[in-house]
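**Q** I am sharing my_file_8.pdb, which consists of PDB, C-alpha atoms and all ligand atoms:
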ATOM      1  CA  MET A   2      -3.599 -21.053  10.715
ATOM      2  CA  VAL A   3      -0.113 -21.276  12.193
ATOM      3  CA  ILE A   4       1.336 -18.170  13.836
ATOM      4  CA  PHE A   5       5.081 -17.539  13.944
ATOM      5  CA  LYS A   6       6.848 -14.747  15.780
ATOM      6  CA  LYS A   7      10.417 -15.824  15.113
ATOM      7  CA  ILE A   8      12.225 -15.773  11.781
ATOM      8  CA  LYS A   9      13.909 -19.136  12.275
ATOM      9  CA  ASP A  10      10.551 -20.805  12.955
ATOM     10  CA  ILE A  11       8.719 -19.445   9.910
ATOM     11  CA  LYS A  12      11.750 -20.113   7.703
ATOM     12  CA  GLY A  13      11.926 -23.729   8.912
ATOM     13  CA  TYR A  14       8.198 -24.242   8.334
ATOM     14  CA  LEU A  15       8.197 -22.711   4.853
ATOM     15  CA  SER A  16      11.329 -24.458   3.674
ATOM     16  CA  ALA A  17       9.769 -27.839   4.576
ATOM     17  CA  LYS A  18       6.655 -26.853   2.562
ATOM     18  CA  LYS A  19       8.824 -25.762  -0.381
ATOM     19  CA  VAL A  20      10.810 -29.030  -0.309
ATOM     20  CA  ALA A  21       7.449 -30.834  -0.452
ATOM     21  CA  GLY A  22       6.676 -28.882  -3.662
ATOM     22  CA  ALA A  23       4.444 -26.085  -2.356
ATOM     23  CA  SER A  24       4.546 -22.558  -3.714
ATOM     24  CA  VAL A  25       4.155 -19.571  -1.405
ATOM     25  CA  GLY A  26       1.881 -16.551  -1.847
ATOM     26  CA  PHE A  27       2.714 -13.616   0.419
ATOM     27  CA  VAL A  28       0.640 -10.631   1.619
ATOM     28  CA  PRO A  29       2.593  -8.103   3.750
ATOM     29  CA  THR A  30       0.385  -5.882   5.937
ATOM     30  CA  MET A  31       0.469  -3.589   8.941
ATOM     31  CA  GLY A  32      -2.708  -5.131  10.345
ATOM     32  CA  ALA A  33      -6.048  -3.392  11.002
ATOM     33  CA  LEU A  34      -7.222  -5.715   8.271
ATOM     34  CA  HIS A  35     -10.208  -5.077   5.997
ATOM     35  CA  SER A  36     -11.802  -6.770   2.985
ATOM     36  CA  GLY A  37      -9.077  -5.371   0.709
ATOM     37  CA  HIS A  38      -6.404  -7.290   2.617
ATOM     38  CA  LEU A  39      -8.568 -10.402   2.771
ATOM     39  CA  SER A  40      -9.068 -10.342  -0.997
ATOM     40  CA  LEU A  41      -5.249 -10.424  -1.320
ATOM     41  CA  VAL A  42      -5.081 -13.429   1.020
ATOM     42  CA  GLU A  43      -7.712 -15.185  -1.104
ATOM     43  CA  LYS A  44      -5.583 -14.516  -4.214
ATOM     44  CA  ALA A  45      -2.491 -15.810  -2.383
ATOM     45  CA  ARG A  46      -4.266 -19.130  -1.790
ATOM     46  CA  GLU A  47      -4.953 -19.614  -5.508
ATOM     47  CA  ASN A  48      -3.550 -22.745  -7.122
ATOM     48  CA  GLY A  49      -3.047 -24.396  -3.755
ATOM     49  CA  ALA A  50      -0.220 -22.105  -2.655
ATOM     50  CA  VAL A  51       0.638 -21.740   1.022
ATOM     51  CA  SER A  52      -0.730 -18.296   1.907
ATOM     52  CA  VAL A  53       1.423 -16.217   4.235
ATOM     53  CA  CYS A  54       0.334 -12.898   5.727
ATOM     54  CA  SER A  55       2.605 -10.711   7.844
ATOM     55  CA  ILE A  56       1.416  -8.128  10.342
ATOM     56  CA  PHE A  57       4.077  -5.662  11.383
ATOM     57  CA  VAL A  58       3.508  -1.968  12.021
ATOM     58  CA  ASN A  59       6.802  -0.811  10.574
ATOM     59  CA  PRO A  60       8.148   2.185  12.520
ATOM     60  CA  THR A  61      10.705   3.150   9.863
ATOM     61  CA  GLN A  62       8.085   4.076   7.262
ATOM     62  CA  PHE A  63       6.266   6.612   9.453
ATOM     63  CA  ASN A  64       7.845   9.985   8.783
ATOM     64  CA  ASP A  65       5.245  11.416  11.175
ATOM     65  CA  LYS A  66       5.577   9.762  14.597
ATOM     66  CA  LYS A  67       2.053  10.898  15.548
ATOM     67  CA  ASP A  68       0.727   8.907  12.605
ATOM     68  CA  LEU A  69       2.529   5.832  13.987
ATOM     69  CA  GLU A  70       1.047   6.360  17.451
ATOM     70  CA  LYS A  71      -2.463   6.644  16.001
ATOM     71  CA  TYR A  72      -2.122   3.734  13.598
ATOM     72  CA  PRO A  73      -5.022   1.361  14.392
ATOM     73  CA  VAL A  74      -4.040  -1.960  15.990
ATOM     74  CA  SER A  75      -6.577  -4.806  16.228
ATOM     75  CA  ILE A  76      -4.553  -7.988  16.355
ATOM     76  CA  ASP A  77      -7.203 -10.318  17.841
ATOM     77  CA  ALA A  78      -9.798  -9.294  15.266
ATOM     78  CA  ASP A  79      -7.132  -9.566  12.518
ATOM     79  CA  ILE A  80      -6.345 -13.146  13.517
ATOM     80  CA  GLU A  81     -10.058 -14.057  13.363
ATOM     81  CA  LEU A  82     -10.378 -12.457   9.923
ATOM     82  CA  LEU A  83      -7.319 -14.262   8.598
ATOM     83  CA  ILE A  84      -8.630 -17.599   9.867
ATOM     84  CA  SER A  85     -11.983 -16.969   8.179
ATOM     85  CA  ALA A  86     -10.186 -16.043   4.926
ATOM     86  CA  GLY A  87      -8.349 -19.391   5.054
ATOM     87  CA  CYS A  88      -4.879 -17.936   5.595
ATOM     88  CA  ASP A  89      -2.308 -20.665   6.285
ATOM     89  CA  VAL A  90       0.467 -18.765   8.030
ATOM     90  CA  LEU A  91       0.646 -15.509   9.982
ATOM     91  CA  PHE A  92       4.052 -13.952  10.614
ATOM     92  CA  LEU A  93       3.841 -11.637  13.612
ATOM     93  CA  PRO A  94       7.353 -10.436  14.447
ATOM     94  CA  ASP A  95       8.319  -7.726  16.926
ATOM     95  CA  VAL A  96      10.588  -4.766  16.176
ATOM     96  CA  GLU A  97      13.722  -6.511  17.513
ATOM     97  CA  GLU A  98      13.118  -9.489  15.216
ATOM     98  CA  ILE A  99      12.899  -7.274  12.116
ATOM     99  CA  TYR A 100      15.503  -4.687  13.144
ATOM    100  CA  PRO A 101      17.935  -6.542  15.415
ATOM    101  CA  GLY A 102      20.180  -3.981  17.084
ATOM    102  CA  GLY A 103      18.333  -1.081  15.386
ATOM    103  CA  GLU A 104      17.154  -0.058  11.955
ATOM    104  CA  SER A 105      20.596   1.170  10.867
ATOM    105  CA  ASN A 106      21.655  -2.485  10.659
ATOM    106  CA  ILE A 107      19.124  -3.205   7.929
ATOM    107  CA  LYS A 108      19.833  -2.422   4.281
ATOM    108  CA  ALA A 109      18.022   0.592   2.837
ATOM    109  CA  TYR A 110      17.460   1.155  -0.892
ATOM    110  CA  ASP A 111      17.448   4.284  -3.045
ATOM    111  CA  PHE A 112      14.362   4.471  -5.261
ATOM    112  CA  GLY A 113      15.566   7.554  -7.137
ATOM    113  CA  TYR A 114      12.826   9.528  -8.900
ATOM    114  CA  LEU A 115      10.015   7.510  -7.251
ATOM    115  CA  ASP A 116      11.169   8.799  -3.885
ATOM    116  CA  THR A 117      11.028  12.424  -5.005
ATOM    117  CA  VAL A 118       7.445  12.793  -6.292
ATOM    118  CA  LEU A 119       3.924  12.619  -4.818
ATOM    119  CA  GLU A 120       4.062  10.284  -1.777
ATOM    120  CA  GLY A 121       7.870  10.417  -1.851
ATOM    121  CA  ALA A 122       7.855  14.225  -1.714
ATOM    122  CA  LYS A 123       5.067  14.487   0.868
ATOM    123  CA  ARG A 124       6.390  11.738   3.148
ATOM    124  CA  PRO A 125      10.200  12.003   3.186
ATOM    125  CA  GLY A 126      11.812   8.733   4.245
ATOM    126  CA  HIS A 127       8.564   6.770   3.850
ATOM    127  CA  PHE A 128       9.647   4.622   0.901
ATOM    128  CA  ARG A 129      13.072   4.090   2.421
ATOM    129  CA  GLY A 130      11.271   2.469   5.373
ATOM    130  CA  VAL A 131       8.925   0.499   3.127
ATOM    131  CA  GLY A 132      11.950  -0.779   1.180
ATOM    132  CA  GLN A 133      13.740  -1.782   4.370
ATOM    133  CA  VAL A 134      10.866  -3.790   5.796
ATOM    134  CA  VAL A 135       9.651  -5.362   2.568
ATOM    135  CA  GLY A 136      13.240  -6.294   1.671
ATOM    136  CA  ARG A 137      13.607  -7.974   5.032
ATOM    137  CA  LEU A 138      10.241  -9.777   4.734
ATOM    138  CA  LEU A 139      11.070 -11.013   1.221
ATOM    139  CA  GLU A 140      14.349 -12.491   2.461
ATOM    140  CA  ILE A 141      12.480 -14.247   5.261
ATOM    141  CA  VAL A 142       9.425 -15.550   3.352
ATOM    142  CA  GLU A 143      11.031 -15.990  -0.116
ATOM    143  CA  PRO A 144       7.605 -16.112  -1.783
ATOM    144  CA  ASP A 145       6.795 -17.158  -5.331
ATOM    145  CA  HIS A 146       4.086 -14.503  -5.529
ATOM    146  CA  LEU A 147       3.819 -11.192  -3.702
ATOM    147  CA  TYR A 148       0.317  -9.671  -3.589
ATOM    148  CA  LEU A 149      -0.165  -5.909  -3.296
ATOM    149  CA  GLY A 150      -3.193  -3.626  -3.538
ATOM    150  CA  GLN A 151      -3.329  -1.003  -6.287
ATOM    151  CA  LYS A 152      -4.584   1.541  -3.740
ATOM    152  CA  ASP A 153      -0.938   2.204  -2.897
ATOM    153  CA  TYR A 154       0.024   2.690  -6.547
ATOM    154  CA  GLN A 155       3.393   4.349  -5.960
ATOM    155  CA  GLN A 156       4.262   1.813  -3.260
ATOM    156  CA  CYS A 157       3.559  -0.962  -5.796
ATOM    157  CA  MET A 158       6.038   0.678  -8.192
ATOM    158  CA  VAL A 159       8.616   1.043  -5.408
ATOM    159  CA  ILE A 160       8.251  -2.603  -4.375
ATOM    160  CA  LYS A 161       8.536  -3.810  -7.975
ATOM    161  CA  LYS A 162      11.782  -1.824  -8.205
ATOM    162  CA  LEU A 163      12.928  -3.254  -4.869
ATOM    163  CA  VAL A 164      12.386  -6.826  -6.097
ATOM    164  CA  GLU A 165      14.485  -5.949  -9.175
ATOM    165  CA  MET A 166      17.237  -4.324  -7.078
ATOM    166  CA  MET A 167      17.320  -7.336  -4.766
ATOM    167  CA  GLY A 168      17.777  -9.603  -7.803
ATOM    168  CA  MET A 169      14.716 -11.602  -6.775
ATOM    169  CA  SER A 170      13.212 -12.012 -10.248
ATOM    170  CA  GLN A 171      11.726 -15.347  -9.104
ATOM    171  CA  VAL A 172       9.205 -13.314  -7.047
ATOM    172  CA  LYS A 173       6.198 -12.399  -9.213
ATOM    173  CA  VAL A 174       4.599  -9.167  -7.997
ATOM    174  CA  VAL A 175       0.822  -9.287  -8.468
ATOM    175  CA  ILE A 176      -1.011  -5.946  -8.222
ATOM    176  CA  CYS A 177      -4.675  -6.448  -7.294
ATOM    177  CA  GLN A 178      -7.545  -4.054  -7.898
ATOM    178  CA  THR A 179      -8.485  -1.636  -5.127
ATOM    179  CA  VAL A 180     -11.435  -2.896  -3.095
ATOM    180  CA  ARG A 181     -13.999  -0.142  -2.509
ATOM    181  CA  GLU A 182     -16.908   0.587  -0.215
ATOM    182  CA  ALA A 183     -20.350   0.883  -1.855
ATOM    183  CA  ASP A 184     -19.889   4.657  -2.313
ATOM    184  CA  GLY A 185     -16.470   4.220  -3.944
ATOM    185  CA  LEU A 186     -14.223   5.024  -0.964
ATOM    186  CA  ALA A 187     -11.072   2.890  -1.251
ATOM    187  CA  MET A 188     -10.774   0.500   1.674
ATOM    188  CA  SER A 189      -7.991   1.518   4.021
ATOM    189  CA  SER A 190      -7.053   0.796   7.612
ATOM    190  CA  ARG A 191      -7.171   4.538   8.216
ATOM    191  CA  ASN A 192     -10.891   4.718   7.302
ATOM    192  CA  ARG A 193     -11.826   3.373  10.721
ATOM    193  CA  ARG A 194     -10.567   6.607  12.258
ATOM    194  CA  LEU A 195     -13.030   8.716  10.242
ATOM    195  CA  THR A 196     -15.869  10.306  12.188
ATOM    196  CA  GLU A 197     -19.377   9.826  10.780
ATOM    197  CA  PRO A 198     -19.499  13.222   9.005
ATOM    198  CA  GLN A 199     -15.961  12.693   7.662
ATOM    199  CA  ARG A 200     -16.933   9.235   6.409
ATOM    200  CA  VAL A 201     -19.923  10.698   4.546
ATOM    201  CA  ILE A 202     -17.731  13.027   2.476
ATOM    202  CA  ALA A 203     -14.699  10.722   2.165
ATOM    203  CA  SER A 204     -15.900   9.241  -1.135
ATOM    204  CA  LEU A 205     -15.427  12.659  -2.742
ATOM    205  CA  ILE A 206     -11.862  11.594  -3.526
ATOM    206  CA  TYR A 207     -13.201   8.733  -5.639
ATOM    207  CA  GLN A 208     -15.684  11.069  -7.331
ATOM    208  CA  CYS A 209     -12.807  13.401  -8.225
ATOM    209  CA  LEU A 210     -10.916  10.486  -9.779
ATOM    210  CA  ILE A 211     -13.993   9.628 -11.845
ATOM    211  CA  SER A 212     -14.253  13.218 -13.011
ATOM    212  CA  ILE A 213     -10.539  13.238 -13.987
ATOM    213  CA  GLN A 214     -11.265  10.130 -16.023
ATOM    214  CA  THR A 215     -14.385  11.474 -17.734
ATOM    215  CA  LYS A 216     -12.954  14.915 -18.498
ATOM    216  CA  GLN A 217     -10.086  13.479 -20.568
ATOM    217  CA  VAL A 218     -11.788  14.830 -23.691
ATOM    218  CA  SER A 219     -11.073  18.373 -22.471
ATOM    219  CA  GLY A 220      -7.329  17.853 -23.168
ATOM    220  CA  SER A 221      -5.974  20.069 -20.392
ATOM    221  CA  PHE A 222      -5.581  18.445 -17.014
ATOM    222  CA  GLU A 223      -4.733  21.703 -15.207
ATOM    223  CA  ILE A 224      -8.346  22.945 -15.326
ATOM    224  CA  VAL A 225      -9.670  19.604 -14.050
ATOM    225  CA  ARG A 226      -7.049  19.560 -11.291
ATOM    226  CA  LYS A 227      -8.129  23.014 -10.120
ATOM    227  CA  GLU A 228     -11.812  21.991 -10.146
ATOM    228  CA  CYS A 229     -11.039  18.892  -8.044
ATOM    229  CA  GLU A 230      -8.921  20.840  -5.565
ATOM    230  CA  ASP A 231     -11.662  23.457  -5.190
ATOM    231  CA  ILE A 232     -14.370  20.811  -4.641
ATOM    232  CA  LEU A 233     -12.226  19.005  -2.057
ATOM    233  CA  LYS A 234     -11.392  22.236  -0.219
ATOM    234  CA  ALA A 235     -15.036  23.365  -0.242
ATOM    235  CA  LYS A 236     -15.986  20.181   1.629
ATOM    236  CA  GLY A 237     -13.251  20.620   4.225
ATOM    237  CA  PHE A 238     -10.425  18.481   2.792
ATOM    238  CA  ALA A 239      -6.849  19.694   2.642
ATOM    239  CA  PRO A 240      -5.678  18.275  -0.702
ATOM    240  CA  GLU A 241      -1.939  17.452  -0.813
ATOM    241  CA  TYR A 242      -1.917  16.611  -4.493
ATOM    242  CA  VAL A 243      -4.300  15.959  -7.364
ATOM    243  CA  ALA A 244      -2.043  14.583 -10.065
ATOM    244  CA  LEU A 245      -1.977  12.946 -13.460
ATOM    245  CA  ALA A 246       1.017  10.805 -14.359
ATOM    246  CA  ASP A 247       2.408   8.349 -16.856
ATOM    247  CA  ALA A 248       1.241   5.036 -15.386
ATOM    248  CA  ASN A 249       4.565   3.311 -16.108
ATOM    249  CA  SER A 250       7.097   5.923 -15.057
ATOM    250  CA  LEU A 251       5.019   8.201 -12.792
ATOM    251  CA  THR A 252       6.255  11.207 -14.779
ATOM    252  CA  LEU A 253       3.804  14.002 -13.972
ATOM    253  CA  LEU A 254       1.606  15.279 -16.792
ATOM    254  CA  SER A 255      -0.159  18.613 -17.190
ATOM    255  CA  GLU A 256      -2.037  17.508 -20.307
ATOM    256  CA  TYR A 257      -3.927  14.324 -20.992
ATOM    257  CA  LYS A 258      -1.942  12.186 -23.467
ATOM    258  CA  GLN A 259      -3.579  10.070 -26.130
ATOM    259  CA  ASP A 260      -1.014   7.299 -26.500
ATOM    260  CA  THR A 261       0.280   7.067 -22.942
ATOM    261  CA  PRO A 262      -1.188   4.872 -20.173
ATOM    262  CA  MET A 263      -2.155   7.343 -17.454
ATOM    263  CA  VAL A 264      -2.950   7.207 -13.755
ATOM    264  CA  ALA A 265      -4.725   9.858 -11.687
ATOM    265  CA  LEU A 266      -3.613  10.094  -8.066
ATOM    266  CA  ILE A 267      -4.993  12.033  -5.109
ATOM    267  CA  ALA A 268      -3.834  12.524  -1.518
ATOM    268  CA  ALA A 269      -5.938  14.633   0.838
ATOM    269  CA  LYS A 270      -6.390  15.063   4.553
ATOM    270  CA  ILE A 271      -9.694  15.227   6.396
ATOM    271  CA  GLY A 272      -8.896  16.452   9.881
ATOM    272  CA  ASP A 273      -5.681  14.597  10.731
ATOM    273  CA  ILE A 274      -6.522  11.558   8.600
ATOM    274  CA  ARG A 275      -4.612  11.281   5.356
ATOM    275  CA  LEU A 276      -6.323   9.384   2.538
ATOM    276  CA  ILE A 277      -4.877   8.380  -0.837
ATOM    277  CA  ASP A 278      -6.445   6.852  -3.914
ATOM    278  CA  ASN A 279      -5.773   6.476  -7.629
ATOM    279  CA  MET A 280      -7.352   5.367 -10.885
ATOM    280  CA  LEU A 281      -5.849   4.033 -14.082
ATOM    281  CA  LEU A 282      -7.459   5.995 -16.902
ATOM    282  CA  ALA A 283      -9.254   3.894 -19.471
TER     283      ALA A 283
HETATM  284  O1  LIG B   1       1.018  -1.166   2.621
HETATM  285  C1  LIG B   1       1.369  -1.500   3.770
HETATM  286  O2  LIG B   1       0.562  -1.922   4.586
HETATM  287  C2  LIG B   1       2.829  -1.361   4.169
HETATM  288  O3  LIG B   1       3.410  -0.256   3.576
HETATM  289  C3  LIG B   1       3.665  -2.633   3.908
HETATM  290  C4  LIG B   1       3.760  -2.949   2.419
HETATM  291  C5  LIG B   1       3.048  -3.805   4.638
HETATM  292  C6  LIG B   1       5.086  -2.429   4.430
HETATM  293  O4  LIG B   1       5.084  -2.156   5.803
END
Let me see the file written as structure tokens.
Ligand code: PAF
**A**
Amino acid sequence: MVIFKKIKDIKGYLSAKKVAGASVGFVPTMGALHSGHLSLVEKARENGAVSVCSIFVNPTQFNDKKDLEKYPVSIDADIELLISAGCDVLFLPDVEEIYPGGESNIKAYDFGYLDTVLEGAKRPGHFRGVGQVVGRLLEIVEPDHLYLGQKDYQQCMVIKKLVEMMGMSQVKVVICQTVREADGLAMSSRNRRLTEPQRVIASLIYQCLISIQTKQVSGSFEIVRKECEDILKAKGFAPEYVALADANSLTLLSEYKQDTPMVALIAAKIGDIRLIDNMLLA
């Protein structure tokens, strides 16, 4: 695996590969890698593409500075994992490389409605920061395929919109299934901060999603939402939202709909650790 810290170096390397006919599969990350990330890298290598992973803990997407300070960093272990997953290129820039002269110099995008609901409402400024950094990374890497995990469902929608707004229709956004622990907990870099007792109950979020899925026959989502919130609270979670939405537009729904693709989404805190998960309803 080749590691680049400077934009001009990775650009030079990738443009030579592209001239030689290679396609590029890109996985942006903030490090603290787990099997979910590695499964994206494996996808990025499909069909002989040059797989590129970036690790950059993006300060502009942390609306809560304490969250940024506590964000797990494990760069040496990440490098080992990427090598074992067969990653070809790691881009490891510093803040000055991504935001030369400060973040105000880098274009920010307006995601409209998507920035006003669920994650957008709970984490003001978060998607603005995600848009800034992913926009910058896309201009640098210019991938053919961009691989994202469904765990961050709303982020996937935001990034798809970003690609459209940037006029980069040549970039195919590939959303990959959430990778889960044996008990259903969605893999996340934040999971490593869970204490043992917190880890034991963390899969309750997944169980709530399953119950939202199975209780579709009841028609009314409001009752199921209340049940889930009560169960989560009883076990010591602070739920931020338990929501049902149109899977294409993220319009919130209070009733299950028969002819609409739906997604259930949950965000809840255990202690100071914020977990999110979602499930497309079948
Ligand atoms: O999902 C993440 O890890 C980050 O939000 C991303 C897409 C790498 C942008 O910093």
**Q** Between A:Asp111, A:Tyr154, A:Ser190, A:Phe57, which residue has the minimum interatomic distance to Asp247 (chain A), considering all atoms listed in the file?
**A**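 Checking each of A:Asp111, A:Tyr154, A:Ser190, A:Phe57 against Asp247 (chain A), counting all atoms listed in the file, the winner is A:Tyr154.
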**Q** What is the distance, in Å and to one decimal place, between CA of Gln133 (chain A) and CA of Pro240 (chain A)?
**A**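 Going from CA of Gln133 (chain A) over to CA of Pro240 (chain A) covers 28.4 Å.
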**Q** Find, counting all atoms listed in the file, the residue in A:Ala78, A:Val264, A:Ile56, A:Met158 that gets nearest to ligand LIG 1 (chain B).
**A**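 Answer, going by the shortest atom-to-atom distance: A:Ile56.
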**Q** Distance CA of Ile11 (chain A)-CA of Ile141 (chain A), one decimal place?
**A**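 CA of Ile141 (chain A) lies at a distance of 7.9 Å from CA of Ile11 (chain A).
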**Q** Could the residues that lie within 7 Å of ligand LIG 1 (chain B), counting all atoms listed in the file, be listed as a list in words?
**A** Pro29, Thr30, Met31, Phe57, Val58, Asn59, Val131, Val134, Val135 and Asp153 of chain A
**Q** Restrict the selected residues to C-alpha atoms and save them as a PDB file, keeping the file's coordinate frame.
**A**
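Result file follows (part-v6.pdb):
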ATOM      1  CA  PRO A  29       2.593  -8.103   3.750  1.00  0.00           C
ATOM      2  CA  THR A  30       0.385  -5.882   5.937  1.00  0.00           C
ATOM      3  CA  MET A  31       0.469  -3.589   8.941  1.00  0.00           C
ATOM      4  CA  PHE A  57       4.077  -5.662  11.383  1.00  0.00           C
ATOM      5  CA  VAL A  58       3.508  -1.968  12.021  1.00  0.00           C
ATOM      6  CA  ASN A  59       6.802  -0.811  10.574  1.00  0.00           C
ATOM      7  CA  VAL A 131       8.925   0.499   3.127  1.00  0.00           C
ATOM      8  CA  VAL A 134      10.866  -3.790   5.796  1.00  0.00           C
ATOM      9  CA  VAL A 135       9.651  -5.362   2.568  1.00  0.00           C
ATOM     10  CA  ASP A 153      -0.938   2.204  -2.897  1.00  0.00           C
TER      11      ASP A 153
END
**Q** Would you kindly translate the PyMOL selection byres (((chain A and resi 72) around 9) and not hetatm) into the concrete residues it picks from this file, as a list of chain:residue names?
**A** A:Ala33, A:Val58, A:Lys67, A:Asp68, A:Leu69, A:Glu70, A:Lys71, A:Pro73, A:Val74, A:Ser190, A:Arg191
**Q** Write to file, as a short mmCIF file (atom, residue, chain, number, x, y, z; two decimals), in the coordinates of the input, the residues of the selection just made, with C-alpha atoms.
**A**
data_model
loop_
_atom_site.label_atom_id
_atom_site.label_comp_id
_atom_site.auth_asym_id
_atom_site.auth_seq_id
_atom_site.Cartn_x
_atom_site.Cartn_y
_atom_site.Cartn_z
CA ALA A 33 -6.05 -3.39 11.00
CA VAL A 58 3.51 -1.97 12.02
CA LYS A 67 2.05 10.90 15.55
CA ASP A 68 0.73 8.91 12.60
CA LEU A 69 2.53 5.83 13.99
CA GLU A 70 1.05 6.36 17.45
CA LYS A 71 -2.46 6.64 16.00
CA PRO A 73 -5.02 1.36 14.39
CA VAL A 74 -4.04 -1.96 15.99
CA SER A 190 -7.05 0.80 7.61
CA ARG A 191 -7.17 4.54 8.22
#
**Q** Could I get the residues of region 210-258 of chain A with an atom no further than 12 Å from an atom of region 192-204 of chain A, each paired with its nearest atom pair and that distance in Å to one decimal, using all atoms listed in the file, sorted by chain and residue number, as a Markdown table?
**A**
| residue | atom | partner | partner_atom | distance |
| --- | --- | --- | --- | --- |
| A:Leu210 | CA | A:Ser204 | CA | 10.1 |
| A:Ile211 | CA | A:Ser204 | CA | 10.9 |
| A:Ile232 | CA | A:Ile202 | CA | 11.1 |
| A:Leu233 | CA | A:Ile202 | CA | 9.3 |
| A:Lys234 | CA | A:Ile202 | CA | 11.5 |
| A:Ala235 | CA | A:Ile202 | CA | 11.0 |
| A:Lys236 | CA | A:Ile202 | CA | 7.4 |
| A:Gly237 | CA | A:Ile202 | CA | 9.0 |
| A:Phe238 | CA | A:Ala203 | CA | 8.9 |
| A:Ala239 | CA | A:Ala203 | CA | 11.9 |
**Q** With all atoms listed in the file as the atoms that count, which of A:Glu140, A:Ser16, A:Asp89, A:Ile80 lies nearest to Ile107 (chain A)?
**A**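 Closest residue, counting all atoms listed in the file: A:Glu140.
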**Q** Looking at A:Ser75, A:Ile277, A:Glu256, A:Tyr207, which one is nearest to His35 (chain A), with distances taken over all atoms listed in the file?
**A** A:Ser75
**Q** To one decimal place, how far is CA of His127 (chain A) from CA of Thr61 (chain A) in Å?
**A**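 Taking CA of His127 (chain A) as the start and CA of Thr61 (chain A) as the end point, the length is 7.3 Å.
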